[in-house]
Amino acid sequence: MGKPGFERAHHVAFFDAMATELPGDYDKQEVNHLTLSYFALGGLSLLRELDRVNKDEIARWVLSFQVHPEAHTDVDSGLFYGFCGSRSTQFPLSNVKDPCHNGSHLASTYSALAILKIVGYDLANVDSKALLQSMKKLQQPDGSFMPIHIGAETDLRFVYCAAAICSMLDDWTGMDKLKAKEYILNCQSYDGGFGMVPGSESHGGGTFCAVAALHLMGFIQVDLASNLNDSASIDMRMLLEWCLQRQVNDGGFQGRRNKASDTCYAFWVGGVLKIIGAYHLIDRCALREFLLTCQSPYGGFTKFPFDRIPDIYHSYYGLAALSLLEEEGLEPLSVELGILSSAL
Amino acid sequence: MDHANSGPSSWPELADVVPVPQDDGPSPVVPIAYRDGFREVMDYFRALYFAGEQSPRALRLTTEAIEQNPGNYTVWHFRRRILEALDSDLLEEMNFVEKIAECNPKNYQIWHHKRWLAEKLGPDIANKEHGFTMKILATDTKNYHAWSHRQWVLQALGGWETELQYCNKLLEEDIFNNSAWNQRFFVITRSPLFGGLKVMHDAEVDYTIEAILGNPQNESPWRYLKGLYKGENNCLVADERISGVCLKVLKNDWTCVFALSLLLDLLRDGLQPSDELKAILEPVRSSDPETADADLAITVCCILQKCDPLRVNYWSWFKTTLSQISDPLVVSG
Ligand SMILES: [Zn+2]
């Protein structure tokens, strides 16, 4: 048995099928329909196969999820005017008696803008004034963000979404950067990684959100040496150590200490190392070999090596991780925004 | 629920309700192959939601919709409004959400709903909440949602009394459980019962060293130990117990990466190596021409390059930062 190679054709077939129709077992994640679509279309774009879809139609469809304030409503009412995640959370305004009916969500808004960028839609055409002005109301006194105005958990994921949204719209009036930074710093754990909320266990996803947001807000440099010298913000040396220790003997990255390695953390933790200018310190060959063993025989990627059934989340992050490794046939990725570098 | 194949269209209590179909908007892209039951429940939900009907049948319908689509935050939000309007029994609601959570232990909306209820029920519910997260953690000791909820309950509602014991128990069961180590740090630094890290520091150092000596390949206690001195590297260097544990471990196994890496930190921060320590590393040092004349920190780096091949680039890079420190020309710039 030879070592597996990168099965590009299988992945194209897998992502093409996903972009055509998501199987029924994704209906449990229906509220994240835009995010699921982001994975499907993002995957095709990394494979340079975006011509398989109708970009104008996609842009129109994505824009149809945006919630606009009605002429007489006050943008400062506390409602968030972003994008709904799916049809089941979107309700025509005039029909509803509930004054809080608007289901716009920060994660969906991030996914919507990312898809629009990927398909080449000019974000200058997006009505962003109400979006940003109302987004700022989601920021909490501790600097974190609530993802939706009807109340939900607040954690680093949504600080990242807010920063990515401001960055893509090229307008930072939607958040208080210093407050956000303060919150992020409170999430750095005793071991150098970041937990999703202050006090929680260091986690690959949380660490990515923290570092990518800091970078987007301009608080992190691109080269390791300057980052290590800048003692004003996070503990960079501990962070570096924490990230590098996440690569384990099978070559993959684990999301937390003493857990099994998992495809997606090759992107989350690898992405952090890329952002702080330390990606060259990992064992790239070992990581690539690990990722290739996570390819499903049906195309796409599984969470763990030698599983069979792929899911769209790990499939996208498997490709994204290989893109960071500069795998041939894959488009380079702007890691901090999660979209093609060429789409910027 | 007991009405399999009998969605809301067959409920007598909903006979007068006209379902509102989903508006799919412009030609759906990346469509989801919805199952029939999903659409049917959401069509009825939409009808009652549009009407703003806060009634027992609307509550029952949200139960059905949550079972089909537990991530739908609008459904949960509407359910909370109904619970308030009907002045429902929140303890009963807690039982409901716990049943749902046991089947979907990683769903954000469910845990948020639980927090909303706990907030309303207040400190009296704290120990019941801890009992529930304990139950979830018994099947998955690393469930991030359960740990977050537990920490929130501790901070907002209390119940700290037995938390350190709980950490001890989890670590006895599995000393590699990093979530339990993290919780231990949380308790030591934040519990109002202990007076903070300063008071607990000495005992914690001893506890951690014991854990390290029991399993030197376990990264968790090594990082925890450093965490106990966070930001105060001079104290780390000055505490003989720290260089002592490195020494003890390396005596048995001079290739232990975590011991070498902590030792390297100590040396970088000014530790004067004891003769005993030098003696342990001496055979390795003199056998390699590259390290024969080097100082001890460089030697440790070289050993790490060999013992930790996955991070060979890192240790090589680390070595260059050491020579920058010791080279006066570079320091003075
Ligand atoms: Zn994963």
# chains A, B, ... in the order shown; residues from 1 in each chain; ligands from 1
$ closest_atom_pairs --of "chain A" --to "chain B" --cutoff "8 Å" --atoms "only C-alpha atoms" --output "CSV"
residue,atom,partner,partner_atom,distance
A:Met18,CA,B:Val30,CA,7.0
A:Ala19,CA,B:Val30,CA,4.7
A:Thr20,CA,B:Val30,CA,5.4
A:Glu21,CA,B:Pro31,CA,5.0
A:Leu22,CA,B:Ile32,CA,4.7
A:Pro23,CA,B:Ala33,CA,5.5
A:Gly24,CA,B:Ala33,CA,4.6
A:Tyr26,CA,B:Ile32,CA,7.0
A:Asp27,CA,B:Tyr34,CA,6.0
A:Lys28,CA,B:Asn69,CA,5.3
A:Gln29,CA,B:Gly71,CA,6.7
A:Glu30,CA,B:Asn69,CA,7.5
A:Val31,CA,B:Asn72,CA,5.8
A:Ser37,CA,B:Val30,CA,5.9
A:Ala40,CA,B:Val30,CA,7.8
A:Glu57,CA,B:Ser27,CA,7.5
A:Ile58,CA,B:Val29,CA,6.2
A:Arg60,CA,B:Pro26,CA,7.2
A:Trp61,CA,B:Pro26,CA,5.8
A:Ser64,CA,B:Gly25,CA,7.0
A:Arg87,CA,B:Asp24,CA,6.6
A:Ser88,CA,B:Met42,CA,7.2
A:Thr89,CA,B:Thr74,CA,6.1
A:Asn95,CA,B:Phe50,CA,5.9
A:Val96,CA,B:Phe50,CA,4.5
A:Lys97,CA,B:Gly52,CA,5.4
A:Asp98,CA,B:Gly52,CA,6.2
A:His101,CA,B:Thr74,CA,7.7
A:Gly103,CA,B:Thr74,CA,6.8
A:Ile150,CA,B:His77,CA,7.1
A:Ala152,CA,B:His112,CA,6.1
A:Glu153,CA,B:His112,CA,6.2
A:Tyr190,CA,B:Gly227,CA,4.8
A:Asp191,CA,B:Arg223,CA,5.8
A:Val197,CA,B:Ser148,CA,7.9
A:Gly199,CA,B:Phe186,CA,6.1
A:Ser200,CA,B:Ser148,CA,6.6
A:Glu201,CA,B:Asn182,CA,5.6
A:Leu244,CA,B:Arg311,CA,7.3
A:Gln247,CA,B:Leu310,CA,7.6
A:Val248,CA,B:Leu310,CA,7.8
A:Asn249,CA,B:Leu310,CA,7.5
A:Gly251,CA,B:Leu310,CA,7.8
A:Arg256,CA,B:Asn178,CA,7.9
A:Arg257,CA,B:Asn178,CA,6.2
A:Asn258,CA,B:Phe176,CA,6.4
A:His280,CA,B:Asn313,CA,7.5
A:Leu281,CA,B:Asn313,CA,4.9
A:Ile282,CA,B:Arg311,CA,6.2
A:Asp283,CA,B:Leu310,CA,5.5
A:Ala286,CA,B:Leu310,CA,7.9
$ residues_near_ligand --ligand "ligand 1" --cutoff "8 Å" --atoms "only C-alpha atoms and all ligand atoms" --output "VMD selection string"
chain A and resid 255 262 to 265 303 313 to 314
$ residues_around --residues "A:Gly299" --least-positions-apart "3" --cutoff "12 Å" --atoms "only C-alpha atoms" --output "ChimeraX atom specification"
/A:6-18,43,292-296,302,307-312,314-316,318-319
$ write_last_selection --atoms "C-alpha atoms" --output "PDB file, in the first residue's frame"
ATOM      1  CA  PHE A   6      -3.909  14.439  -2.642  1.00  0.00           C
ATOM      2  CA  GLU A   7      -7.120  13.240  -4.329  1.00  0.00           C
ATOM      3  CA  ARG A   8      -8.086  16.473  -5.989  1.00  0.00           C
ATOM      4  CA  ALA A   9     -10.652  15.011  -8.402  1.00  0.00           C
ATOM      5  CA  HIS A  10     -12.508  13.294  -5.543  1.00  0.00           C
ATOM      6  CA  HIS A  11     -12.664  16.544  -3.620  1.00  0.00           C
ATOM      7  CA  VAL A  12     -14.008  18.438  -6.612  1.00  0.00           C
ATOM      8  CA  ALA A  13     -16.758  15.847  -6.985  1.00  0.00           C
ATOM      9  CA  PHE A  14     -17.544  16.020  -3.260  1.00  0.00           C
ATOM     10  CA  PHE A  15     -17.771  19.819  -3.097  1.00  0.00           C
ATOM     11  CA  ASP A  16     -19.689  19.977  -6.354  1.00  0.00           C
ATOM     12  CA  ALA A  17     -22.261  17.580  -4.900  1.00  0.00           C
ATOM     13  CA  MET A  18     -22.473  19.590  -1.661  1.00  0.00           C
ATOM     14  CA  GLY A  43     -14.156  24.526  -0.884  1.00  0.00           C
ATOM     15  CA  LEU A 292      -3.942  12.947   3.503  1.00  0.00           C
ATOM     16  CA  THR A 293      -4.944  10.030   5.740  1.00  0.00           C
ATOM     17  CA  CYS A 294      -8.070  12.016   6.677  1.00  0.00           C
ATOM     18  CA  GLN A 295      -9.274  12.089   3.072  1.00  0.00           C
ATOM     19  CA  SER A 296     -12.482  10.153   2.614  1.00  0.00           C
ATOM     20  CA  THR A 302     -13.142  13.240   7.899  1.00  0.00           C
ATOM     21  CA  ASP A 307     -12.764   7.314   8.994  1.00  0.00           C
ATOM     22  CA  ARG A 308     -14.993   6.960   5.966  1.00  0.00           C
ATOM     23  CA  ILE A 309     -17.886   9.407   6.002  1.00  0.00           C
ATOM     24  CA  PRO A 310     -16.805  13.009   5.388  1.00  0.00           C
ATOM     25  CA  ASP A 311     -18.588  16.086   6.674  1.00  0.00           C
ATOM     26  CA  ILE A 312     -18.575  19.474   5.040  1.00  0.00           C
ATOM     27  CA  HIS A 314     -13.889  19.039   8.158  1.00  0.00           C
ATOM     28  CA  SER A 315     -13.766  18.826   4.377  1.00  0.00           C
ATOM     29  CA  TYR A 316     -13.462  22.584   4.067  1.00  0.00           C
ATOM     30  CA  GLY A 318      -8.896  19.947   5.451  1.00  0.00           C
ATOM     31  CA  LEU A 319      -8.557  21.802   2.167  1.00  0.00           C
TER      32      LEU A 319
END
$ residues_around --residues "stretch 129-138 of chain A" --least-positions-apart "2" --cutoff "6 Å" --atoms "only C-alpha atoms" --output "PDB file with all heavy atoms, in the first residue's frame"
ATOM      1  N   PHE A  80     -30.338  44.017  15.653  1.00  0.00           N
ATOM      2  CA  PHE A  80     -29.168  43.910  14.784  1.00  0.00           C
ATOM      3  C   PHE A  80     -29.637  43.733  13.341  1.00  0.00           C
ATOM      4  O   PHE A  80     -30.417  42.841  13.044  1.00  0.00           O
ATOM      5  CB  PHE A  80     -28.304  42.723  15.228  1.00  0.00           C
ATOM      6  CG  PHE A  80     -27.158  42.427  14.299  1.00  0.00           C
ATOM      7  CD1 PHE A  80     -26.375  43.447  13.757  1.00  0.00           C
ATOM      8  CD2 PHE A  80     -26.853  41.114  13.959  1.00  0.00           C
ATOM      9  CE1 PHE A  80     -25.327  43.164  12.894  1.00  0.00           C
ATOM     10  CE2 PHE A  80     -25.790  40.822  13.103  1.00  0.00           C
ATOM     11  CZ  PHE A  80     -25.038  41.850  12.564  1.00  0.00           C
ATOM     12  N   TYR A  81     -29.170  44.611  12.464  1.00  0.00           N
ATOM     13  CA  TYR A  81     -29.517  44.503  11.050  1.00  0.00           C
ATOM     14  C   TYR A  81     -28.371  43.890  10.269  1.00  0.00           C
ATOM     15  O   TYR A  81     -27.562  44.603   9.670  1.00  0.00           O
ATOM     16  CB  TYR A  81     -29.914  45.869  10.483  1.00  0.00           C
ATOM     17  CG  TYR A  81     -31.182  46.381  11.109  1.00  0.00           C
ATOM     18  CD1 TYR A  81     -31.161  47.304  12.153  1.00  0.00           C
ATOM     19  CD2 TYR A  81     -32.413  45.891  10.680  1.00  0.00           C
ATOM     20  CE1 TYR A  81     -32.329  47.735  12.755  1.00  0.00           C
ATOM     21  CE2 TYR A  81     -33.596  46.319  11.281  1.00  0.00           C
ATOM     22  CZ  TYR A  81     -33.541  47.241  12.313  1.00  0.00           C
ATOM     23  OH  TYR A  81     -34.702  47.658  12.905  1.00  0.00           O
ATOM     24  N   GLY A  82     -28.277  42.567  10.362  1.00  0.00           N
ATOM     25  CA  GLY A  82     -27.256  41.845   9.612  1.00  0.00           C
ATOM     26  C   GLY A  82     -27.916  40.853   8.678  1.00  0.00           C
ATOM     27  O   GLY A  82     -28.936  41.166   8.059  1.00  0.00           O
ATOM     28  N   ASP A 127     -25.406  47.498   1.699  1.00  0.00           N
ATOM     29  CA  ASP A 127     -25.847  48.576   2.577  1.00  0.00           C
ATOM     30  C   ASP A 127     -25.293  48.286   3.972  1.00  0.00           C
ATOM     31  O   ASP A 127     -25.841  47.480   4.715  1.00  0.00           O
ATOM     32  CB  ASP A 127     -27.377  48.612   2.582  1.00  0.00           C
ATOM     33  CG  ASP A 127     -27.906  49.645   3.559  1.00  0.00           C
ATOM     34  OD1 ASP A 127     -27.099  50.465   4.047  1.00  0.00           O
ATOM     35  OD2 ASP A 127     -29.118  49.620   3.836  1.00  0.00           O
ATOM     36  N   PHE A 145     -18.892  40.016  22.240  1.00  0.00           N
ATOM     37  CA  PHE A 145     -20.055  40.268  21.396  1.00  0.00           C
ATOM     38  C   PHE A 145     -21.115  39.213  21.605  1.00  0.00           C
ATOM     39  O   PHE A 145     -20.815  38.023  21.709  1.00  0.00           O
ATOM     40  CB  PHE A 145     -19.667  40.262  19.911  1.00  0.00           C
ATOM     41  CG  PHE A 145     -19.210  41.598  19.412  1.00  0.00           C
ATOM     42  CD1 PHE A 145     -17.893  41.995  19.600  1.00  0.00           C
ATOM     43  CD2 PHE A 145     -20.082  42.463  18.774  1.00  0.00           C
ATOM     44  CE1 PHE A 145     -17.456  43.236  19.162  1.00  0.00           C
ATOM     45  CE2 PHE A 145     -19.658  43.702  18.334  1.00  0.00           C
ATOM     46  CZ  PHE A 145     -18.337  44.095  18.519  1.00  0.00           C
ATOM     47  N   MET A 146     -22.369  39.676  21.643  1.00  0.00           N
ATOM     48  CA  MET A 146     -23.496  38.774  21.592  1.00  0.00           C
ATOM     49  C   MET A 146     -23.791  38.565  20.108  1.00  0.00           C
ATOM     50  O   MET A 146     -23.724  39.515  19.344  1.00  0.00           O
ATOM     51  CB  MET A 146     -24.670  39.463  22.286  1.00  0.00           C
ATOM     52  CG  MET A 146     -25.758  38.552  22.714  1.00  0.00           C
ATOM     53  SD  MET A 146     -26.984  39.502  23.617  1.00  0.00           S
ATOM     54  CE  MET A 146     -26.463  39.235  25.288  1.00  0.00           C
ATOM     55  N   GLY A 174     -18.082  49.727  13.516  1.00  0.00           N
ATOM     56  CA  GLY A 174     -18.984  48.714  14.074  1.00  0.00           C
ATOM     57  C   GLY A 174     -18.550  48.128  15.401  1.00  0.00           C
ATOM     58  O   GLY A 174     -19.248  47.301  15.980  1.00  0.00           O
ATOM     59  N   MET A 175     -17.368  48.516  15.901  1.00  0.00           N
ATOM     60  CA  MET A 175     -16.940  47.947  17.184  1.00  0.00           C
ATOM     61  C   MET A 175     -15.929  48.834  17.882  1.00  0.00           C
ATOM     62  O   MET A 175     -15.292  49.677  17.257  1.00  0.00           O
ATOM     63  CB  MET A 175     -16.332  46.552  16.964  1.00  0.00           C
ATOM     64  CG  MET A 175     -15.040  46.532  16.168  1.00  0.00           C
ATOM     65  SD  MET A 175     -14.514  44.858  15.695  1.00  0.00           S
ATOM     66  CE  MET A 175     -14.113  44.126  17.278  1.00  0.00           C
TER      67      MET A 175
END
$ select_by_dssp --residues "stretch 4-72 of chain B" --states "helix (DSSP H, G or I)" --output "MDAnalysis selection string"
chainID B and resid 8:10 12:14 36:51 56:68
$ select_by_dssp --residues "stretch 272-344 of chain A" --states "strand (DSSP E or B)" --output "number ranges by chain"
A: 295, 301, 333-334, 339-340
$ write_last_selection --atoms "C-alpha atoms" --output "compact mmCIF listing (two decimals), in the first residue's frame"
# COMPACT_ATOMS: atom_id res chain seq x y z
CA GLN A 295 -9.27 12.09 3.07
CA PHE A 301 -12.23 14.96 4.67
CA LEU A 333 -5.92 31.55 1.46
CA SER A 334 -6.07 34.75 3.46
CA ILE A 339 -11.30 33.64 2.01
CA LEU A 340 -9.07 33.40 -1.03
$ decode --residues "stretch 297-339 of chain A" --atoms "N, CA and C atoms" --output "PDB file, in the first residue's frame"
ATOM      1  N   PRO A 297     -12.651   8.222   1.119  1.00  0.00           N
ATOM      2  CA  PRO A 297     -12.643   7.605  -0.220  1.00  0.00           C
ATOM      3  C   PRO A 297     -13.689   8.231  -1.142  1.00  0.00           C
ATOM      4  N   TYR A 298     -14.682   8.929  -0.567  1.00  0.00           N
ATOM      5  CA  TYR A 298     -15.715   9.577  -1.382  1.00  0.00           C
ATOM      6  C   TYR A 298     -15.379  11.031  -1.696  1.00  0.00           C
ATOM      7  N   GLY A 299     -14.159  11.453  -1.394  1.00  0.00           N
ATOM      8  CA  GLY A 299     -13.830  12.872  -1.506  1.00  0.00           C
ATOM      9  C   GLY A 299     -14.195  13.570  -0.217  1.00  0.00           C
ATOM     10  N   GLY A 300     -13.634  14.749   0.009  1.00  0.00           N
ATOM     11  CA  GLY A 300     -13.858  15.419   1.287  1.00  0.00           C
ATOM     12  C   GLY A 300     -12.957  14.825   2.362  1.00  0.00           C
ATOM     13  N   PHE A 301     -13.079  15.390   3.559  1.00  0.00           N
ATOM     14  CA  PHE A 301     -12.227  14.956   4.665  1.00  0.00           C
ATOM     15  C   PHE A 301     -13.081  14.532   5.848  1.00  0.00           C
ATOM     16  N   THR A 302     -12.500  13.640   6.657  1.00  0.00           N
ATOM     17  CA  THR A 302     -13.142  13.240   7.899  1.00  0.00           C
ATOM     18  C   THR A 302     -12.407  13.912   9.054  1.00  0.00           C
ATOM     19  N   LYS A 303     -13.017  13.833  10.228  1.00  0.00           N
ATOM     20  CA  LYS A 303     -12.428  14.455  11.411  1.00  0.00           C
ATOM     21  C   LYS A 303     -11.135  13.733  11.803  1.00  0.00           C
ATOM     22  N   PHE A 304     -11.185  12.399  11.791  1.00  0.00           N
ATOM     23  CA  PHE A 304     -10.048  11.588  12.231  1.00  0.00           C
ATOM     24  C   PHE A 304      -9.516  10.747  11.069  1.00  0.00           C
ATOM     25  N   PRO A 305      -8.251  10.337  11.150  1.00  0.00           N
ATOM     26  CA  PRO A 305      -7.683   9.496  10.087  1.00  0.00           C
ATOM     27  C   PRO A 305      -8.464   8.197   9.899  1.00  0.00           C
ATOM     28  N   PHE A 306      -8.551   7.758   8.669  1.00  0.00           N
ATOM     29  CA  PHE A 306      -9.114   6.458   8.284  1.00  0.00           C
ATOM     30  C   PHE A 306     -10.585   6.289   8.636  1.00  0.00           C
ATOM     31  N   ASP A 307     -11.297   7.385   8.947  1.00  0.00           N
ATOM     32  CA  ASP A 307     -12.764   7.314   8.994  1.00  0.00           C
ATOM     33  C   ASP A 307     -13.245   7.249   7.553  1.00  0.00           C
ATOM     34  N   ARG A 308     -14.525   7.048   7.346  1.00  0.00           N
ATOM     35  CA  ARG A 308     -14.993   6.960   5.966  1.00  0.00           C
ATOM     36  C   ARG A 308     -15.913   8.107   5.550  1.00  0.00           C
ATOM     37  N   ILE A 309     -16.859   8.445   6.416  1.00  0.00           N
ATOM     38  CA  ILE A 309     -17.886   9.407   6.002  1.00  0.00           C
ATOM     39  C   ILE A 309     -17.413  10.842   6.262  1.00  0.00           C
ATOM     40  N   PRO A 310     -17.283  11.638   5.210  1.00  0.00           N
ATOM     41  CA  PRO A 310     -16.805  13.009   5.388  1.00  0.00           C
ATOM     42  C   PRO A 310     -17.932  13.932   5.835  1.00  0.00           C
ATOM     43  N   ASP A 311     -17.586  15.050   6.436  1.00  0.00           N
ATOM     44  CA  ASP A 311     -18.588  16.086   6.674  1.00  0.00           C
ATOM     45  C   ASP A 311     -18.047  17.380   6.082  1.00  0.00           C
ATOM     46  N   ILE A 312     -18.963  18.307   5.832  1.00  0.00           N
ATOM     47  CA  ILE A 312     -18.575  19.474   5.040  1.00  0.00           C
ATOM     48  C   ILE A 312     -17.628  20.392   5.803  1.00  0.00           C
ATOM     49  N   TYR A 313     -17.799  20.439   7.121  1.00  0.00           N
ATOM     50  CA  TYR A 313     -16.951  21.284   7.958  1.00  0.00           C
ATOM     51  C   TYR A 313     -15.487  20.816   7.898  1.00  0.00           C
ATOM     52  N   HIS A 314     -15.271  19.525   8.186  1.00  0.00           N
ATOM     53  CA  HIS A 314     -13.889  19.039   8.158  1.00  0.00           C
ATOM     54  C   HIS A 314     -13.342  19.000   6.741  1.00  0.00           C
ATOM     55  N   SER A 315     -14.227  18.829   5.772  1.00  0.00           N
ATOM     56  CA  SER A 315     -13.766  18.826   4.377  1.00  0.00           C
ATOM     57  C   SER A 315     -13.214  20.194   4.001  1.00  0.00           C
ATOM     58  N   TYR A 316     -13.948  21.239   4.381  1.00  0.00           N
ATOM     59  CA  TYR A 316     -13.462  22.584   4.067  1.00  0.00           C
ATOM     60  C   TYR A 316     -12.143  22.865   4.785  1.00  0.00           C
ATOM     61  N   TYR A 317     -12.084  22.549   6.083  1.00  0.00           N
ATOM     62  CA  TYR A 317     -10.862  22.890   6.831  1.00  0.00           C
ATOM     63  C   TYR A 317      -9.681  21.998   6.459  1.00  0.00           C
ATOM     64  N   GLY A 318      -9.979  20.785   5.977  1.00  0.00           N
ATOM     65  CA  GLY A 318      -8.896  19.947   5.451  1.00  0.00           C
ATOM     66  C   GLY A 318      -8.244  20.608   4.242  1.00  0.00           C
ATOM     67  N   LEU A 319      -9.090  21.105   3.338  1.00  0.00           N
ATOM     68  CA  LEU A 319      -8.557  21.802   2.167  1.00  0.00           C
ATOM     69  C   LEU A 319      -7.835  23.078   2.575  1.00  0.00           C
ATOM     70  N   ALA A 320      -8.455  23.824   3.508  1.00  0.00           N
ATOM     71  CA  ALA A 320      -7.856  25.087   3.941  1.00  0.00           C
ATOM     72  C   ALA A 320      -6.473  24.833   4.544  1.00  0.00           C
ATOM     73  N   ALA A 321      -6.362  23.755   5.320  1.00  0.00           N
ATOM     74  CA  ALA A 321      -5.076  23.432   5.945  1.00  0.00           C
ATOM     75  C   ALA A 321      -4.044  23.068   4.876  1.00  0.00           C
ATOM     76  N   LEU A 322      -4.477  22.322   3.865  1.00  0.00           N
ATOM     77  CA  LEU A 322      -3.539  21.974   2.790  1.00  0.00           C
ATOM     78  C   LEU A 322      -3.163  23.210   1.971  1.00  0.00           C
ATOM     79  N   SER A 323      -4.081  24.158   1.889  1.00  0.00           N
ATOM     80  CA  SER A 323      -3.753  25.407   1.204  1.00  0.00           C
ATOM     81  C   SER A 323      -2.666  26.163   1.967  1.00  0.00           C
ATOM     82  N   LEU A 324      -2.743  26.138   3.308  1.00  0.00           N
ATOM     83  CA  LEU A 324      -1.676  26.772   4.103  1.00  0.00           C
ATOM     84  C   LEU A 324      -0.341  26.077   3.842  1.00  0.00           C
ATOM     85  N   LEU A 325      -0.410  24.770   3.561  1.00  0.00           N
ATOM     86  CA  LEU A 325       0.817  24.012   3.272  1.00  0.00           C
ATOM     87  C   LEU A 325       1.249  24.180   1.814  1.00  0.00           C
ATOM     88  N   GLU A 326       0.528  25.012   1.086  1.00  0.00           N
ATOM     89  CA  GLU A 326       0.826  25.295  -0.323  1.00  0.00           C
ATOM     90  C   GLU A 326       0.756  24.048  -1.192  1.00  0.00           C
ATOM     91  N   GLU A 327      -0.249  23.235  -0.940  1.00  0.00           N
ATOM     92  CA  GLU A 327      -0.485  22.047  -1.765  1.00  0.00           C
ATOM     93  C   GLU A 327      -0.749  22.474  -3.214  1.00  0.00           C
ATOM     94  N   GLU A 328      -0.154  21.726  -4.134  1.00  0.00           N
ATOM     95  CA  GLU A 328      -0.321  22.066  -5.548  1.00  0.00           C
ATOM     96  C   GLU A 328      -1.788  21.918  -5.969  1.00  0.00           C
ATOM     97  N   GLY A 329      -2.270  22.855  -6.749  1.00  0.00           N
ATOM     98  CA  GLY A 329      -3.650  22.778  -7.221  1.00  0.00           C
ATOM     99  C   GLY A 329      -4.637  23.464  -6.302  1.00  0.00           C
ATOM    100  N   LEU A 330      -4.140  24.038  -5.202  1.00  0.00           N
ATOM    101  CA  LEU A 330      -5.044  24.758  -4.299  1.00  0.00           C
ATOM    102  C   LEU A 330      -4.704  26.242  -4.290  1.00  0.00           C
ATOM    103  N   GLU A 331      -5.731  27.050  -4.196  1.00  0.00           N
ATOM    104  CA  GLU A 331      -5.603  28.499  -4.153  1.00  0.00           C
ATOM    105  C   GLU A 331      -5.048  28.930  -2.786  1.00  0.00           C
ATOM    106  N   PRO A 332      -4.170  29.940  -2.747  1.00  0.00           N
ATOM    107  CA  PRO A 332      -3.739  30.467  -1.441  1.00  0.00           C
ATOM    108  C   PRO A 332      -4.889  31.164  -0.708  1.00  0.00           C
ATOM    109  N   LEU A 333      -4.819  31.084   0.619  1.00  0.00           N
ATOM    110  CA  LEU A 333      -5.919  31.546   1.458  1.00  0.00           C
ATOM    111  C   LEU A 333      -5.457  32.724   2.307  1.00  0.00           C
ATOM    112  N   SER A 334      -6.317  33.716   2.459  1.00  0.00           N
ATOM    113  CA  SER A 334      -6.067  34.747   3.457  1.00  0.00           C
ATOM    114  C   SER A 334      -6.569  34.178   4.772  1.00  0.00           C
ATOM    115  N   VAL A 335      -5.636  33.703   5.586  1.00  0.00           N
ATOM    116  CA  VAL A 335      -6.020  32.877   6.729  1.00  0.00           C
ATOM    117  C   VAL A 335      -6.867  33.644   7.734  1.00  0.00           C
ATOM    118  N   GLU A 336      -6.565  34.936   7.945  1.00  0.00           N
ATOM    119  CA  GLU A 336      -7.284  35.668   8.992  1.00  0.00           C
ATOM    120  C   GLU A 336      -8.738  35.957   8.613  1.00  0.00           C
ATOM    121  N   LEU A 337      -9.050  35.947   7.307  1.00  0.00           N
ATOM    122  CA  LEU A 337     -10.430  36.185   6.895  1.00  0.00           C
ATOM    123  C   LEU A 337     -11.143  34.930   6.418  1.00  0.00           C
ATOM    124  N   GLY A 338     -10.380  33.875   6.135  1.00  0.00           N
ATOM    125  CA  GLY A 338     -11.013  32.651   5.657  1.00  0.00           C
ATOM    126  C   GLY A 338     -11.535  32.747   4.243  1.00  0.00           C
ATOM    127  N   ILE A 339     -10.918  33.564   3.427  1.00  0.00           N
ATOM    128  CA  ILE A 339     -11.305  33.642   2.009  1.00  0.00           C
ATOM    129  C   ILE A 339     -10.046  33.663   1.150  1.00  0.00           C
TER     130      ILE A 339
END
